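upload28.txt (compact mmCIF, N, CA, C and O atoms) appears below.
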```
# COMPACT_ATOMS: atom_id res chain seq x y z
N MET A 1 0.85 -1.18 0.00
CA MET A 1 0.00 0.00 0.00
C MET A 1 0.89 1.24 0.00
O MET A 1 1.11 1.87 1.00
N ASN A 2 1.39 1.59 -1.15
CA ASN A 2 2.31 2.71 -1.22
C ASN A 2 1.62 4.06 -1.38
O ASN A 2 2.27 5.09 -1.27
N ASP A 3 0.34 4.08 -1.64
CA ASP A 3 -0.37 5.35 -1.75
C ASP A 3 -1.34 5.54 -0.59
O ASP A 3 -2.42 6.05 -0.74
N ILE A 4 -0.90 5.16 0.59
CA ILE A 4 -1.74 5.14 1.80
C ILE A 4 -2.31 6.51 2.14
O ILE A 4 -3.41 6.62 2.67
N ASP A 5 -1.60 7.60 1.84
CA ASP A 5 -2.08 8.93 2.20
C ASP A 5 -3.29 9.36 1.37
O ASP A 5 -4.05 10.22 1.78
N THR A 6 -3.49 8.77 0.21
CA THR A 6 -4.59 9.19 -0.65
C THR A 6 -5.73 8.20 -0.68
O THR A 6 -6.71 8.42 -1.37
N ARG A 7 -5.62 7.13 0.10
CA ARG A 7 -6.65 6.10 0.10
C ARG A 7 -7.36 6.06 1.44
O ARG A 7 -6.74 6.26 2.47
N PRO A 8 -8.67 5.78 1.44
CA PRO A 8 -9.39 5.68 2.70
C PRO A 8 -8.83 4.55 3.55
O PRO A 8 -8.44 3.52 3.04
N PHE A 9 -8.78 4.78 4.85
CA PHE A 9 -8.19 3.82 5.76
C PHE A 9 -8.93 3.87 7.08
O PHE A 9 -9.40 4.93 7.47
N PRO A 10 -9.07 2.75 7.76
CA PRO A 10 -9.75 2.77 9.06
C PRO A 10 -9.08 3.77 10.01
O PRO A 10 -7.87 3.94 10.01
N SER A 11 -9.88 4.42 10.81
CA SER A 11 -9.37 5.42 11.73
C SER A 11 -10.23 5.42 12.99
O SER A 11 -11.39 5.03 12.96
N SER A 12 -9.64 5.90 14.06
CA SER A 12 -10.41 6.01 15.30
C SER A 12 -11.28 7.26 15.31
O SER A 12 -12.17 7.40 16.13
N ARG A 13 -11.01 8.16 14.39
CA ARG A 13 -11.81 9.39 14.29
C ARG A 13 -12.97 9.20 13.34
O ARG A 13 -12.87 8.43 12.39
N PRO A 14 -14.08 9.88 13.56
CA PRO A 14 -15.21 9.78 12.62
C PRO A 14 -14.78 10.28 11.24
O PRO A 14 -14.03 11.25 11.13
N PRO A 15 -15.22 9.60 10.20
CA PRO A 15 -14.81 9.99 8.86
C PRO A 15 -15.52 11.27 8.40
O PRO A 15 -16.64 11.56 8.83
N THR A 16 -14.84 11.99 7.52
CA THR A 16 -15.50 13.12 6.87
C THR A 16 -16.44 12.52 5.82
O THR A 16 -16.39 11.32 5.53
N GLU A 17 -17.30 13.34 5.25
CA GLU A 17 -18.22 12.84 4.23
C GLU A 17 -17.46 12.26 3.05
O GLU A 17 -17.81 11.20 2.54
N SER A 18 -16.40 12.95 2.61
CA SER A 18 -15.65 12.45 1.46
C SER A 18 -14.92 11.15 1.79
O SER A 18 -14.83 10.25 0.95
N GLU A 19 -14.41 11.01 3.02
CA GLU A 19 -13.78 9.76 3.43
C GLU A 19 -14.79 8.62 3.47
O GLU A 19 -14.49 7.50 3.06
N LEU A 20 -15.99 8.91 3.95
CA LEU A 20 -17.03 7.90 4.03
C LEU A 20 -17.45 7.44 2.63
O LEU A 20 -17.61 6.25 2.37
N VAL A 21 -17.58 8.37 1.72
CA VAL A 21 -17.93 8.03 0.33
C VAL A 21 -16.84 7.16 -0.28
O VAL A 21 -17.12 6.14 -0.92
N ALA A 22 -15.58 7.54 -0.06
CA ALA A 22 -14.46 6.77 -0.60
C ALA A 22 -14.42 5.36 0.00
O ALA A 22 -14.18 4.38 -0.69
N TRP A 23 -14.66 5.27 1.31
CA TRP A 23 -14.66 3.96 1.99
C TRP A 23 -15.75 3.07 1.43
O TRP A 23 -15.53 1.90 1.15
N ARG A 24 -16.95 3.63 1.27
CA ARG A 24 -18.07 2.83 0.77
C ARG A 24 -17.88 2.41 -0.69
O ARG A 24 -18.49 1.44 -1.13
N ALA A 25 -17.04 3.12 -1.42
CA ALA A 25 -16.77 2.77 -2.81
C ALA A 25 -15.83 1.56 -2.92
O ALA A 25 -15.73 0.95 -3.98
N LEU A 26 -15.16 1.22 -1.84
CA LEU A 26 -14.26 0.07 -1.85
C LEU A 26 -15.04 -1.24 -1.78
O LEU A 26 -16.13 -1.29 -1.21
N SER A 27 -14.45 -2.28 -2.35
CA SER A 27 -15.07 -3.60 -2.22
C SER A 27 -14.91 -4.06 -0.77
O SER A 27 -14.05 -3.57 -0.03
N ARG A 28 -15.72 -5.02 -0.38
CA ARG A 28 -15.63 -5.56 0.98
C ARG A 28 -14.24 -6.16 1.21
O ARG A 28 -13.66 -5.98 2.27
N ASP A 29 -13.70 -6.85 0.21
CA ASP A 29 -12.36 -7.44 0.36
C ASP A 29 -11.31 -6.37 0.60
O ASP A 29 -10.41 -6.55 1.42
N GLU A 30 -11.41 -5.25 -0.11
CA GLU A 30 -10.44 -4.17 0.07
C GLU A 30 -10.61 -3.52 1.46
O GLU A 30 -9.63 -3.20 2.12
N GLN A 31 -11.85 -3.35 1.91
CA GLN A 31 -12.07 -2.82 3.26
C GLN A 31 -11.46 -3.74 4.30
O GLN A 31 -10.77 -3.27 5.23
N LEU A 32 -11.69 -5.05 4.18
CA LEU A 32 -11.12 -6.00 5.12
C LEU A 32 -9.59 -5.98 5.10
O LEU A 32 -8.94 -6.05 6.14
N ALA A 33 -9.02 -5.88 3.91
CA ALA A 33 -7.56 -5.83 3.79
C ALA A 33 -7.01 -4.60 4.50
O ALA A 33 -5.98 -4.67 5.18
N ARG A 34 -7.70 -3.50 4.39
CA ARG A 34 -7.23 -2.28 5.05
C ARG A 34 -7.38 -2.37 6.56
O ARG A 34 -6.53 -1.88 7.29
N TYR A 35 -8.45 -2.99 7.04
CA TYR A 35 -8.58 -3.21 8.48
C TYR A 35 -7.45 -4.11 8.99
O TYR A 35 -6.85 -3.85 10.02
N ARG A 36 -7.17 -5.17 8.25
CA ARG A 36 -6.08 -6.07 8.66
C ARG A 36 -4.76 -5.32 8.71
O ARG A 36 -3.98 -5.48 9.66
N ASP A 37 -4.48 -4.50 7.69
CA ASP A 37 -3.24 -3.72 7.68
C ASP A 37 -3.18 -2.79 8.88
O ASP A 37 -2.13 -2.65 9.52
N ALA A 38 -4.29 -2.15 9.19
CA ALA A 38 -4.32 -1.21 10.31
C ALA A 38 -4.10 -1.94 11.64
O ALA A 38 -3.37 -1.46 12.51
N LEU A 39 -4.72 -3.10 11.79
CA LEU A 39 -4.61 -3.85 13.04
C LEU A 39 -3.24 -4.51 13.22
O LEU A 39 -2.82 -4.79 14.34
N GLN A 40 -2.54 -4.74 12.13
CA GLN A 40 -1.22 -5.35 12.21
C GLN A 40 -0.09 -4.33 12.20
O GLN A 40 1.08 -4.69 12.29
N ALA A 41 -0.41 -3.06 12.11
CA ALA A 41 0.60 -2.01 12.14
C ALA A 41 1.30 -1.99 13.50
O ALA A 41 0.68 -2.31 14.52
N PRO A 42 2.57 -1.63 13.53
CA PRO A 42 3.31 -1.63 14.80
C PRO A 42 2.67 -0.79 15.90
O PRO A 42 2.67 -1.19 17.06
N ASP A 43 2.08 0.35 15.55
CA ASP A 43 1.49 1.19 16.59
C ASP A 43 0.15 0.66 17.09
O ASP A 43 -0.41 1.20 18.03
N ALA A 44 -0.36 -0.41 16.49
CA ALA A 44 -1.62 -1.01 16.95
C ALA A 44 -1.39 -2.07 18.02
O ALA A 44 -2.33 -2.61 18.57
N GLY A 45 -0.15 -2.34 18.35
CA GLY A 45 0.17 -3.39 19.30
C GLY A 45 0.18 -2.92 20.74
O GLY A 45 1.09 -3.24 21.48
N ARG A 46 -0.83 -2.19 21.14
CA ARG A 46 -0.91 -1.69 22.51
C ARG A 46 -1.56 -2.72 23.41
O ARG A 46 -2.43 -3.47 22.99
N VAL A 47 -1.18 -2.71 24.66
CA VAL A 47 -1.74 -3.65 25.63
C VAL A 47 -3.03 -3.07 26.19
O VAL A 47 -3.12 -1.88 26.49
N SER A 48 -4.03 -3.91 26.31
CA SER A 48 -5.32 -3.49 26.86
C SER A 48 -5.87 -4.62 27.71
O SER A 48 -5.66 -5.80 27.42
N LYS A 49 -6.61 -4.25 28.73
CA LYS A 49 -7.26 -5.26 29.56
C LYS A 49 -8.60 -5.69 28.96
O LYS A 49 -9.20 -6.65 29.41
N ALA A 50 -9.07 -4.96 27.94
CA ALA A 50 -10.34 -5.29 27.30
C ALA A 50 -10.18 -6.52 26.43
O ALA A 50 -9.19 -6.68 25.72
N THR A 51 -11.18 -7.38 26.48
CA THR A 51 -11.21 -8.54 25.59
C THR A 51 -11.86 -8.12 24.27
O THR A 51 -12.48 -7.05 24.18
N MET A 52 -11.76 -8.95 23.27
CA MET A 52 -12.43 -8.64 22.01
C MET A 52 -13.94 -8.57 22.22
O MET A 52 -14.61 -7.76 21.60
N ALA A 53 -14.46 -9.38 23.11
CA ALA A 53 -15.89 -9.33 23.42
C ALA A 53 -16.25 -7.97 24.03
O ALA A 53 -17.31 -7.39 23.71
N ASP A 54 -15.39 -7.45 24.92
CA ASP A 54 -15.63 -6.13 25.51
C ASP A 54 -15.65 -5.04 24.43
O ASP A 54 -16.51 -4.16 24.43
N VAL A 55 -14.68 -5.12 23.53
CA VAL A 55 -14.59 -4.13 22.45
C VAL A 55 -15.82 -4.20 21.56
O VAL A 55 -16.42 -3.19 21.20
N LEU A 56 -16.22 -5.42 21.20
CA LEU A 56 -17.39 -5.60 20.34
C LEU A 56 -18.66 -5.10 21.01
O LEU A 56 -19.47 -4.41 20.40
N THR A 57 -18.82 -5.39 22.28
CA THR A 57 -19.99 -4.92 23.02
C THR A 57 -20.03 -3.39 23.06
O THR A 57 -21.09 -2.79 22.80
N ALA A 58 -18.91 -2.76 23.35
CA ALA A 58 -18.85 -1.30 23.39
C ALA A 58 -19.15 -0.70 22.03
O ALA A 58 -19.88 0.29 21.92
N ALA A 59 -18.63 -1.30 20.98
CA ALA A 59 -18.88 -0.80 19.62
C ALA A 59 -20.36 -0.92 19.27
O ALA A 59 -20.95 0.01 18.71
N ARG A 60 -20.95 -2.03 19.61
CA ARG A 60 -22.39 -2.22 19.32
C ARG A 60 -23.24 -1.22 20.10
O ARG A 60 -24.24 -0.72 19.60
N GLN A 61 -22.84 -0.92 21.32
CA GLN A 61 -23.58 0.07 22.11
C GLN A 61 -23.47 1.45 21.48
O GLN A 61 -24.46 2.20 21.45
N ARG A 62 -22.29 1.82 20.98
CA ARG A 62 -22.13 3.12 20.33
C ARG A 62 -22.97 3.22 19.07
O ARG A 62 -23.59 4.23 18.80
N VAL A 63 -23.00 2.13 18.28
CA VAL A 63 -23.80 2.13 17.06
C VAL A 63 -25.28 2.26 17.41
O VAL A 63 -26.02 3.03 16.80
N ALA A 64 -25.73 1.51 18.41
CA ALA A 64 -27.14 1.58 18.83
C ALA A 64 -27.49 2.99 19.30
O ALA A 64 -28.58 3.48 19.00
N ALA A 65 -26.59 3.63 20.02
CA ALA A 65 -26.84 4.99 20.51
C ALA A 65 -26.96 5.98 19.35
O ALA A 65 -27.77 6.90 19.38
N ARG A 66 -26.16 5.78 18.31
CA ARG A 66 -26.22 6.67 17.14
C ARG A 66 -27.53 6.51 16.40
O ARG A 66 -28.06 7.45 15.84
N ARG A 67 -28.01 5.28 16.34
CA ARG A 67 -29.24 5.01 15.60
C ARG A 67 -30.49 5.44 16.36
O ARG A 67 -31.55 5.56 15.79
N GLY A 68 -30.31 5.63 17.65
CA GLY A 68 -31.43 6.11 18.45
C GLY A 68 -32.24 5.06 18.97
O GLY A 68 -33.10 4.51 19.15
```
Would you give me this structure, written as structure tokens?
Amino acid sequence: MNDIDTRPFPSSRPPTESELVAWRALSRDEQLARYRDALQAPDAGRVSKATMADVLTAARQRVAARRG
């Protein structure tokens, strides 16, 4: 991924409208590949006491809150 600065990529910040449009234009395989790249990046290797189940539950709660 040598053009990473110009391509949509997973982020902890909410996407801008143009980033969201670009992300949705990607195939599911390309979105998954970018998530894998982001999760395997050296700076993603932080220690946390949260389990994947904890993270998933928190994410689902945030999505539910946004939807009302």
> In Å, with one decimal, what is the gap from atom CA of Arg60 of chain A to atom CA of Pro8 of chain A?
Replying inline: 22.5 Å
May I have the centre and edge lengths, in Å to one decimal, of an axis-aligned box around the listed atoms of segment 45-56 of chain A with 5 Å added to every side, as JSON?
```
{"center_x": -9.2, "center_y": -5.5, "center_z": 24.0, "size_x": 30.6, "size_y": 17.7, "size_z": 21.2}
```
> So which residues touch segment 28-42 of chain A within 9 Å, counting only C-alpha atoms, skipping near sequence neighbours fewer than 6 positions away, as a list in words?
Replying inline: Pro8, Phe9, Pro10 and Ser11 of chain A
> What does the distance between atom CA of Arg66 of chain A and atom CA of Arg46 of chain A come to in Å, to one decimal place?
Replying inline: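 Computing it gives 27.2 Å between the two atoms.
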>> as number ranges by chain, please: every residue in segment 9-67 of chain A that a backbone DSSP assignment puts in alpha helix (DSSP H).
In response: A: 17-25, 28-40, 52-67
> For the atom pair atom C of Leu56 of chain A and atom N of Pro15 of chain A, what is the interatomic distance in Å to one decimal place?
Replying inline: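 Separating atom C of Leu56 of chain A from atom N of Pro15 of chain A is a distance of 18.6 Å.
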